[in-house]
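To keep things clear, I will list the structure first and then write my remarks on it.
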Amino acid sequence: MDIRKELATIFDELLSLGGRSSTFTDATPLLGALPELDSMAVVGVIGAIEERFGIVFDDDEIDGSTFANFGNLVQLIDSKLSA
């Protein structure tokens, strides 16, 4: 499973980005830089990630730095899948 591709698809679907997420790199800033990603959207994205990847996040695993950039989120998903 390609985490980056799946995650980009989640962003496109939930935030109606019209394919913009396909250009995301690890350094692409998210929270505060992507107007569509507000606090309610973050909750939706987390839920979609958990469903798509079959993982569950503990409350203390996610904070502002998690959504600082695309790469941070990819790393968190990867670490959960590897655990």
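Every chain in the structure tokens has a letter given in the order shown (A, B, ...), and although residue numbers restart at 1 in each chain, ligands are simply numbered from 1 in the order shown.
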Need to verify the contact set: A:Thr28, 8 Å, only C-alpha atoms, exclusion of same-chain residues closer than 4 positions in sequence. Can you return it as a ChimeraX atom specification?
/A:24,69-71
Could you list, as number ranges by chain, every residue within 12 Å of stretch 50-64 of chain A, counting only C-alpha atoms and ignoring same-chain residues fewer than 4 positions away?
A: 1-10, 29-32, 38-39, 42-46, 68-69, 72-83
Tell me, which residues of chain A carry DSSP alpha helix (DSSP H), written as a ChimeraX atom specification?
/A:3-15,39-53,70-82
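Atom CA of A:Ser21 is positioned 19.0 Å from atom CA of A:Ser65.
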Go ahead and compute the interatomic distance for atom CA of A:Ser16 and atom CA of A:Glu36, in Å to one decimal.
8.3 Å
